[in-house]
Each structure stands twice: as structure tokens, then as C-alpha cells.
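Printed here is input_29.cif (mmCIF, C-alpha atoms and all ligand atoms):
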data_start
loop_
_atom_site.label_atom_id
_atom_site.label_comp_id
_atom_site.auth_asym_id
_atom_site.auth_seq_id
_atom_site.Cartn_x
_atom_site.Cartn_y
_atom_site.Cartn_z
CA MET O 1 62.70 39.71 79.94
CA THR O 2 65.88 40.17 81.96
CA MET O 3 65.50 39.47 85.62
CA PRO O 4 66.43 42.50 87.75
CA THR O 5 69.18 41.86 90.28
CA ARG O 6 68.35 41.84 93.97
CA GLU O 7 70.14 45.16 94.25
CA ASP O 8 67.98 46.68 91.48
CA VAL O 9 64.84 45.68 93.32
CA ALA O 10 66.00 46.82 96.75
CA LEU O 11 67.12 50.18 95.37
CA ALA O 12 63.88 50.66 93.43
CA TYR O 13 61.95 49.83 96.59
CA HIS O 14 63.98 52.32 98.58
CA GLU O 15 63.49 55.04 95.94
CA LEU O 16 59.73 54.47 95.85
CA LEU O 17 59.50 54.84 99.59
CA ARG O 18 61.56 58.01 99.50
CA ARG O 19 59.45 59.59 96.77
CA ALA O 20 56.00 58.45 97.81
CA PRO O 21 53.90 61.38 99.06
CA GLU O 22 52.51 61.37 102.58
CA ASP O 23 49.10 60.06 101.61
CA GLU O 24 47.56 56.70 100.98
CA SER O 25 49.58 56.19 97.80
CA VAL O 26 52.54 55.45 100.07
CA LEU O 27 50.71 52.27 101.02
CA HIS O 28 50.25 51.28 97.38
CA ALA O 29 53.87 52.06 96.53
CA HIS O 30 54.94 50.07 99.52
CA ALA O 31 52.76 47.09 98.63
CA ALA O 32 53.80 47.13 94.97
CA ALA O 33 57.50 47.35 95.75
CA HIS O 34 57.13 44.65 98.34
CA ALA O 35 55.37 42.36 95.87
CA ASP O 36 58.43 42.63 93.58
CA VAL O 37 60.78 41.85 96.41
CA GLU O 38 58.62 38.94 97.51
CA ALA O 39 58.42 37.55 93.97
CA MET O 40 62.18 37.71 93.64
CA ARG O 41 62.65 36.18 97.05
CA ALA O 42 60.31 33.30 96.16
CA SER O 43 62.19 32.60 92.94
CA ILE O 44 65.50 32.37 94.76
CA ALA O 45 64.12 30.61 97.82
CA ALA O 46 63.75 27.42 95.80
CA SER O 47 67.41 27.04 96.72
CA PRO O 48 68.26 28.51 100.15
CA GLU O 49 72.00 28.23 99.46
CA ALA O 50 71.68 30.24 96.23
CA PHE O 51 69.49 32.73 98.07
CA ALA O 52 72.05 33.19 100.84
CA LEU O 53 74.88 33.55 98.31
CA ALA O 54 72.92 36.10 96.25
CA GLU O 55 72.10 38.07 99.39
CA ARG O 56 75.73 38.11 100.52
CA ALA O 57 76.95 39.05 97.02
CA ALA O 58 74.43 41.93 96.73
CA PHE O 59 75.43 43.11 100.19
CA GLU O 60 79.16 43.10 99.38
CA ASP O 61 78.61 44.74 95.96
CA SER O 62 76.56 47.51 97.48
CA PHE O 63 79.46 48.70 99.65
CA ALA O 64 81.50 51.18 97.62
CA GLY O 65 83.67 52.43 100.47
CA THR O 66 87.04 51.60 102.01
CA ARG O 67 87.82 48.33 103.76
CA ARG O 68 90.22 48.42 106.68
CA ALA O 69 93.27 46.15 106.95
CA ASP O 70 91.25 43.71 109.10
CA GLY O 71 88.59 43.44 106.35
CA THR O 72 85.89 45.48 108.13
CA LYS O 73 83.95 47.98 106.04
CA ASP O 74 84.54 51.58 107.06
CA LEU O 75 81.06 53.16 106.96
CA SER O 76 82.54 56.64 107.42
CA SER O 77 84.10 56.33 103.94
CA LEU O 78 80.64 56.37 102.26
CA ASP O 79 78.83 59.53 101.17
CA LEU O 80 75.08 60.04 101.51
CA ARG O 81 74.15 58.12 98.34
CA GLY O 82 76.66 55.38 99.14
CA LEU O 83 75.02 54.94 102.55
CA ASP O 84 71.55 54.92 100.96
CA ARG O 85 72.63 52.22 98.57
CA HIS O 86 74.31 50.04 101.16
CA PHE O 87 71.63 50.36 103.86
CA ALA O 88 68.90 49.55 101.32
CA ILE O 89 70.56 46.17 100.80
CA LEU O 90 71.35 45.79 104.49
CA GLY O 91 67.67 46.28 105.35
CA GLU O 92 66.70 43.65 102.80
CA ALA O 93 69.31 41.23 104.12
CA MET O 94 68.21 41.73 107.73
CA ARG O 95 64.58 41.08 106.84
CA SER O 96 65.46 37.96 104.88
CA GLY O 97 67.18 36.44 107.92
CA VAL O 98 70.14 34.96 106.04
CA PHE O 99 72.68 37.00 108.03
CA ASN O 100 71.50 35.61 111.34
CA THR O 101 71.04 39.06 112.87
CA GLY O 102 68.12 37.88 115.03
CA ARG O 103 64.73 39.59 115.39
CA ALA O 104 64.38 41.83 112.34
CA HIS O 105 62.80 44.70 114.31
CA TYR O 106 65.74 44.82 116.74
CA ALA O 107 68.34 44.54 113.97
CA LEU O 108 66.63 47.23 111.85
CA CYS O 109 66.17 49.67 114.76
CA LEU O 110 69.84 49.17 115.57
CA ALA O 111 70.78 49.70 111.92
CA HIS O 112 68.97 53.05 112.04
CA GLY O 113 70.95 53.94 115.17
CA VAL O 114 74.24 52.99 113.52
CA ARG O 115 73.38 54.95 110.40
CA GLN O 116 72.64 58.11 112.39
CA ALA O 117 75.88 57.68 114.33
CA VAL O 118 77.79 57.51 111.03
CA HIS O 119 76.11 60.77 109.94
CA LEU O 120 77.35 62.31 113.18
CA GLY O 121 80.90 60.96 112.78
CA LEU O 122 80.59 58.52 115.72
CA ASP O 123 81.83 54.94 115.83
CA ARG O 124 80.22 53.74 119.07
CA ILE O 125 76.70 53.64 120.50
CA ALA O 126 74.93 51.92 123.38
CA ALA O 127 71.77 49.83 123.01
CA LEU O 128 69.50 49.17 125.98
CA GLU O 129 66.69 46.68 126.53
CA ILE O 130 64.55 47.37 129.61
CA GLY O 131 62.67 44.19 130.53
CA VAL O 132 64.78 41.12 129.79
CA ALA O 133 62.96 38.10 131.31
CA GLN O 134 64.75 34.91 130.18
CA GLY O 135 66.99 36.90 127.82
CA ALA O 136 65.58 35.99 124.40
CA GLY O 137 65.39 39.66 123.33
CA LEU O 138 68.76 40.56 124.83
CA LEU O 139 70.49 37.66 123.04
CA ASN O 140 68.86 38.76 119.77
CA LEU O 141 70.11 42.30 120.32
CA ILE O 142 73.59 40.93 121.01
CA ARG O 143 73.47 38.99 117.75
CA ALA O 144 72.62 42.17 115.80
CA ALA O 145 75.27 44.18 117.67
CA GLY O 146 77.84 41.46 116.93
CA PHE O 147 77.04 41.83 113.22
CA PHE O 148 77.87 45.57 113.28
CA ARG O 149 81.06 44.87 115.20
CA ARG O 150 82.21 42.15 112.78
CA GLU O 151 81.16 43.76 109.48
CA TYR O 152 81.99 47.39 110.18
CA GLY O 153 84.24 47.51 113.24
CA PHE O 154 81.42 49.65 114.67
CA ALA O 155 81.12 49.26 118.45
CA VAL O 156 77.65 48.64 119.87
CA ASP O 157 77.62 48.16 123.66
CA VAL O 158 74.56 46.22 124.81
CA TRP O 159 72.79 46.73 128.14
CA GLY O 160 69.85 44.92 129.70
CA MET O 161 67.85 45.83 132.83
CA ASP O 162 65.45 43.62 134.74
CA ASN O 163 64.39 43.01 138.35
CA ALA O 164 64.71 39.20 137.81
CA THR O 165 61.50 38.67 139.80
CA GLY O 166 59.00 39.21 136.99
CA LEU O 167 56.24 41.76 136.60
CA PRO O 168 55.67 43.86 139.76
CA PRO O 169 52.20 43.87 141.36
CA LEU O 170 49.74 45.52 138.99
CA ALA O 171 48.51 49.00 140.00
CA ASP O 172 45.19 49.44 138.19
CA HIS O 173 43.29 48.86 134.94
CA ARG O 174 46.01 50.70 132.99
CA ASP O 175 48.36 47.77 133.70
CA HIS O 176 46.08 45.45 131.66
CA PRO O 177 45.18 42.91 134.37
CA GLU O 178 43.15 41.10 131.68
CA ILE O 179 46.53 40.13 130.15
CA TRP O 180 49.29 40.33 132.79
CA HIS O 181 49.78 39.30 136.43
CA GLY O 182 52.44 40.00 139.07
CA GLY O 183 55.46 37.65 138.98
CA GLN O 184 54.96 36.78 135.31
CA PHE O 185 58.17 36.32 133.22
CA ALA O 186 60.49 35.95 136.24
CA MET O 187 64.07 35.55 135.08
CA GLY O 188 65.19 33.57 138.13
CA GLU O 189 68.92 33.29 138.76
CA PRO O 190 70.60 35.90 136.49
CA GLU O 191 74.04 34.23 136.48
CA GLY O 192 73.05 31.70 133.82
CA LEU O 193 72.17 34.47 131.38
CA ARG O 194 75.20 36.56 132.41
CA ALA O 195 77.50 33.67 131.52
CA ARG O 196 76.20 33.79 127.93
CA LEU O 197 77.01 37.49 127.40
CA PRO O 198 80.06 38.73 125.48
CA PRO O 199 82.34 41.21 127.33
CA TRP O 200 80.60 44.19 125.67
CA ALA O 201 77.12 43.22 126.96
CA HIS O 202 75.91 43.84 130.50
CA LEU O 203 72.93 42.79 132.58
CA LEU O 204 71.85 45.09 135.41
CA ILE O 205 69.51 43.62 138.02
CA GLY O 206 67.11 45.79 140.03
CA GLU O 207 63.97 47.87 139.71
CA ALA O 208 64.51 49.55 136.34
CA GLY O 209 63.39 53.03 137.45
CA GLU O 210 66.03 52.89 140.20
CA LEU O 211 68.75 51.53 137.89
CA LEU O 212 68.40 54.57 135.61
CA ALA O 213 70.14 56.84 138.11
CA GLY O 214 73.50 55.09 137.69
CA PHE O 215 73.10 54.32 133.99
CA ALA O 216 74.37 57.69 132.70
CA ALA O 217 77.68 57.21 134.52
CA ARG O 218 78.08 53.66 133.16
CA THR O 219 77.64 54.76 129.55
CA ALA O 220 79.44 58.12 129.86
CA GLY O 221 80.59 59.39 126.47
CA VAL O 222 78.69 56.71 124.52
CA PRO O 223 75.32 57.97 123.27
CA LEU O 224 72.26 55.76 123.50
CA GLY O 225 71.55 54.61 119.93
CA PHE O 226 68.69 52.18 120.46
CA LEU O 227 66.18 51.69 123.28
CA SER O 228 63.74 48.81 123.67
CA ILE O 229 61.09 49.14 126.37
CA ASP O 230 59.46 45.80 127.13
CA VAL O 231 58.17 46.03 130.70
CA ASP O 232 54.53 45.43 129.67
CA LEU O 233 52.84 47.50 132.39
CA HIS O 234 51.71 51.13 132.30
CA SER O 235 53.15 51.60 135.82
CA SER O 236 56.56 50.14 134.86
CA THR O 237 56.72 52.05 131.57
CA THR O 238 56.01 55.28 133.47
CA ARG O 239 58.88 54.39 135.83
CA VAL O 240 61.38 53.85 132.99
CA LEU O 241 60.51 56.60 130.49
CA PRO O 242 62.73 59.12 132.35
CA VAL O 243 65.57 57.20 130.68
CA LEU O 244 64.86 59.66 127.85
CA LEU O 245 65.27 62.78 129.97
CA GLY O 246 69.04 62.95 130.40
CA GLU O 247 71.44 65.46 128.91
CA ALA O 248 70.68 65.79 125.16
CA GLU O 249 74.03 64.57 123.87
CA ARG O 250 73.60 61.27 125.70
CA TYR O 251 71.26 60.26 122.84
CA LEU O 252 71.19 60.13 119.08
CA PRO O 253 69.14 63.09 117.85
CA ALA O 254 66.32 60.85 116.53
CA LEU O 255 66.71 57.88 118.85
CA PRO O 256 65.17 54.61 117.55
CA VAL O 257 62.83 53.21 120.21
CA TYR O 258 61.06 49.85 120.12
CA LEU O 259 57.92 49.53 122.25
CA ASP O 260 56.78 45.94 122.49
CA ASP O 261 53.30 46.22 123.93
CA VAL O 262 51.28 48.52 121.72
CA GLU O 263 48.48 47.91 119.24
CA ILE O 264 48.77 44.21 118.51
CA LEU O 265 46.40 42.84 121.18
CA VAL O 266 42.68 43.54 121.10
CA SER O 267 42.52 45.22 124.53
CA TYR O 268 45.54 47.49 123.98
CA ASN O 269 44.45 51.11 123.73
CA ARG O 270 45.81 54.61 124.11
CA TRP O 271 44.36 55.06 127.62
CA CYS O 272 46.25 52.10 129.10
CA GLY O 273 49.58 50.28 128.98
CA GLU O 274 52.75 51.49 127.27
CA ALA O 275 50.79 53.72 124.88
CA ALA O 276 49.20 55.75 127.72
CA ALA O 277 52.55 56.06 129.52
CA VAL O 278 54.13 57.42 126.32
CA GLU O 279 51.25 59.85 125.77
CA ALA O 280 51.69 61.24 129.30
CA HIS O 281 55.47 61.45 128.78
CA ASN O 282 54.93 63.41 125.55
CA ALA O 283 52.54 65.86 127.22
CA LEU O 284 55.07 66.56 129.98
CA ASN O 285 58.23 66.60 127.85
CA PRO O 286 57.70 68.52 124.60
CA LEU O 287 61.44 68.44 123.78
CA ARG O 288 61.62 64.63 124.04
CA PRO O 289 58.49 63.29 122.35
CA VAL O 290 58.24 59.64 121.37
CA GLU O 291 56.52 59.18 118.02
CA ARG O 292 55.31 56.01 116.37
CA LYS O 293 56.62 55.70 112.81
CA GLY O 294 54.21 54.58 110.09
CA VAL O 295 53.91 51.65 107.74
CA ALA O 296 56.43 53.07 105.22
CA TRP O 297 59.22 52.12 107.64
CA ASN O 298 58.26 48.45 107.60
CA ILE O 299 59.64 47.83 111.09
CA HIS O 300 57.38 46.32 113.74
CA ASN O 301 56.48 48.81 116.51
CA PHE O 302 59.17 51.28 115.42
CA HIS O 303 59.16 54.57 117.33
CA VAL O 304 61.56 57.50 117.49
CA CYS O 305 62.33 59.73 120.46
CA HIS O 306 63.00 63.16 118.97
CA VAL O 307 65.68 64.82 121.08
CA LEU O 308 64.66 68.30 120.04
CA ASP O 309 67.18 70.04 122.28
CA HIS O 310 70.12 68.09 120.80
CA PRO O 311 72.59 70.58 119.22
CA VAL O 312 72.08 68.91 115.84
CA ARG O 313 68.33 69.55 116.12
CA THR O 314 68.52 73.11 117.40
CA GLY O 315 70.88 74.02 114.55
CA ALA O 316 73.74 74.78 116.96
CA ARG O 317 75.86 72.11 115.24
CA ARG O 318 75.77 70.61 111.77
CA PRO O 319 76.10 66.85 111.43
CA ARG O 320 78.96 65.45 109.28
CA LEU O 321 76.27 64.31 106.79
CA PRO O 322 72.73 65.74 106.75
CA PHE O 323 69.99 63.60 108.27
CA GLU O 324 68.45 62.67 104.92
CA ILE O 325 67.71 59.21 106.22
CA GLY O 326 64.58 57.51 104.92
CA PRO O 327 63.17 54.01 105.35
CA PHE O 328 65.36 51.04 104.49
C1 LIG O 401 57.80 40.47 128.67
S1 LIG O 401 59.15 40.40 129.70
C2 LIG O 401 60.53 40.88 128.70
C3 LIG O 401 60.77 39.98 127.52
C4 LIG O 401 62.06 40.26 126.77
N1 LIG O 401 62.22 41.63 126.40
C5 LIG O 401 62.14 39.41 125.51
O1 LIG O 401 61.89 39.95 124.43
O2 LIG O 401 62.45 38.23 125.60
C6 LIG O 401 58.92 41.78 130.76
C7 LIG O 401 60.01 41.91 131.83
O3 LIG O 401 59.94 43.20 132.39
C8 LIG O 401 60.41 43.12 133.72
N2 LIG O 401 59.93 44.30 134.48
C9 LIG O 401 58.68 44.82 134.48
N3 LIG O 401 58.64 45.91 135.25
C10 LIG O 401 59.88 46.10 135.74
C11 LIG O 401 60.49 47.08 136.57
N4 LIG O 401 59.77 48.10 137.08
N5 LIG O 401 61.80 46.96 136.87
C12 LIG O 401 62.54 45.94 136.35
N6 LIG O 401 62.04 44.99 135.54
C13 LIG O 401 60.72 45.07 135.25
C14 LIG O 401 59.86 41.81 134.22
O4 LIG O 401 60.66 41.28 135.24
C15 LIG O 401 59.90 40.93 132.96
O5 LIG O 401 61.04 40.11 132.98
#

As C-alpha cells, how would this structure be written, given the file I've shared?
Ligand SMILES: C[S@@+](CC[C@H](N)C(=O)[O-])C[C@H]1O[C@@H](n2cnc3c(N)ncnc32)[C@H](O)[C@@H]1O
Amino acid sequence: MTMPTREDVALAYHELLRRAPEDESVLHAHAAAHADVEAMRASIAASPEAFALAERAAFEDSFAGTRRADGTKDLSSLDLRGLDRHFAILGEAMRSGVFNTGRAHYALCLAHGVRQAVHLGLDRIAALEIGVAQGAGLLNLIRAAGFFRREYGFAVDVWGMDNATGLPPLADHRDHPEIWHGGQFAMGEPEGLRARLPPWAHLLIGEAGELLAGFAARTAGVPLGFLSIDVDLHSSTTRVLPVLLGEAERYLPALPVYLDDVEILVSYNRWCGEAAAVEAHNALNPLRPVERKGVAWNIHNFHVCHVLDHPVRTGARRPRLPFEIGPF
């Protein structure tokens, strides 16, 4: 039997996910496709060097567009199917870790932001992490953003916000006092982290709810293409969710949002924490709901803020390419 190439498997996987109906068979399709990918990965993983080379080769082969004089791949030269093909392999490569794009969930959320921007004809987005602590997440986001800059000449500006003093005093049971306490995760002196940032990444220090007021002016003309909220507390999440209530064109129309503190601990629930803050936000803001995406997307804690008053979503403007963007 001939061994399928990595590209064959990734494309088959992508196709299955696209075609699977919205019922429990999506789970079976997902599991079956994943088993193939895992089997292939295991066979190559016997030699990490061969695995990395195969991954890089599949990635390069899957790009059928134009390369610029500086070698970067011009994503705007791909059509819908070309983007499907290339992002299927990109998703695989990001999950495998061989491209050193950091935390897979950050890299994949960002990849979804970049892909939407390409559909809109944009070549620059901003990515924001609210709640930075020692900077592990921010540095991972910078790694992923650097990948898009190097490979595609696609500009991702990275922003981080934190008070530097750790979690504020907890308000009530909705802040999960059984898990968190005031002062936890204090960053300390921010200059050490600042010194490690490239010129296109910025760290803003202050109470995040207050920092939001000036944020629109700082990112003027560059839509937000990825948002990570990692402030742990219900009270803090409630303070920062208005980041989603600016003028519609300040965001991608289906903005990828990562929420760190939902579901995975036993005492998390929809009446407390980030989940309750999001539910209240959704009730008050029907044109900016935040929705958790399901297992078919295979991205940890992946959410989308639907900017339903964005011109592309009201039908006032057509995107350069339609938003036929499925899981990758
Ligand atoms: C769990 S840590 C962030 C971890 C980081 N995202 C990572 O992945 O490495 C939570 C952070 O949120 C910050 N924070 C919580 N509420 C805040 C608020 N209202 N304003 C600013 N920062 C806040 C805390 O200072 C803390 O550093």
C-alpha cells in the first residue's frame, strides 16, 4: 500500500471537517481523521529531523501563489481553494510544533485572524493579550506573529496589557476565591519584559479597563485580529469586555477570541468567572456576541466575537473573498 503524503492526510482531514454534518458524526469524522494524522506523525517521529523536513516540504509545496522578491509568500495571490490548501497544512504544522510558533492555540487563533484579513484584502492586524503576568503568553504570541511577518510579509502588531501588580482584590464568589487570590501573578518590574519585545510589540501597564480608552487611538486604522483575555476573575473580565464594543471596523468581522479560564477546572461554571462575564456581555450586546466554537475546530478554548454590525456582516460591503473559512 502506498503511504499517503502528509499533504494528502491534512487535506483529507480538512475536507472531512468541512463536510461533516452538525451532529455527533462530526466527532467521529474528527477522531478518525485525527487517528490518520497521528499514525502518520508517529511513523515520521521516529526521526525528528525527517519529520521537520517533511513538514517544511509539505508546507512549501502547499503554497501555489506568488513569492515576493524578498522570498515572502504573498497570501493575497491565492484564491479560496489555494488558501484552503495552504492553511490546512499550516494548521498541521502549527500543531506539530516544528515551526516554533509557540502555544498552538495562540498561533492557530492568530492564523484564523490572518486568514480573515486576507479575505478582506488587508495586510495588517493587531493582536492583544489582556493579562500578561510574567509574559509567557505575550512572548508566545510574539513568536507566532513573527512567523507571519517572516513567511508572508504580513504585519501583526502585538499588544499586551497588565497592571503589573497581580490579580486585584476579589469581589465575590464569581471571582472563584477557591482558586485565585489578590496579588497572584504579579509581574513586578515591567522593564525586564519590555526589553525582550521587538519594536512591533508593546506592553501597556495599568488597570486594563482604564487602558481600553486610549487603545483605539493607538491602533487606529489597524483592525484587531486576535484577542486573548486572561485576567482570571469575573470582575476583571467584566471590566475588559468593552474592548469589543468599539466602532465595528476596528475588528475583523468574526474576531478570534481566546478565553483562558473556562471549563477546564472542576469549579468553573457558567454562573461565575470569565464564562459568566461573557454571558452577561452577550445579553447586553446582541450585535457583539462572543461564542465558543466546538470540537471540530480543534483549538483549545477558541471563541469568536461576531461583529454583526460590521459592513461585511450586514451585507453593506462584500469581502474580496467570501468567508468560506472552515476549521484548519
Ligand atoms: C494568569 S495571569 C496572565 C498569564 C498570561 N496570560 C500567560 O499566559 O502567561 C493574569 C494576569 O491578569 C492581570 N490582571 C487581572 N485583572 C486585571 C485588571 N483589571 N487590569 C490589569 N491586569 C489585570 C494580573 O495582573 C495577572 O498578571

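Around ligand LIG 401 (chain O), using only C-alpha atoms and all ligand atoms and a cut-off of 6 Å, the residues in contact are Gly131, Val132, Ala133, Gly135, Ala136, Gly137, Asp162, Asn163, Ala164, Thr165, Gly166, Leu167, Pro168, Phe185, Ala186, Met187, Gly206, Glu207, Ala208, Asp230, Val231, Asp232 and Ser236 of chain O.
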
Once you count all atoms listed in the file, what closest atom pair and distance in Å to one decimal does each residue of range 130-153 of chain O within 6 Å of range 98-102 of chain O have, with rows by chain and rising residue number, as CSV?
residue,atom,partner,partner_atom,distance
O:Asn140,CA,O:Gly102,CA,4.9
O:Arg143,CA,O:Thr101,CA,5.5
O:Ala144,CA,O:Thr101,CA,4.6

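A straight line drawn from CA of His281 in chain O to CA of Arg103 in chain O is 27.3 Å long.
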
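Each of O:Ala201, O:Val278, O:Met161, O:Ala171 was checked against Ala145 in chain O using all atoms listed in the file; the smallest atom-to-atom distance is that of O:Ala201.
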
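Distance check against Gly214 in chain O using all atoms listed in the file: of O:Gly246, O:Gly294, O:Pro286, O:Gly97, the minimum falls on O:Gly246.
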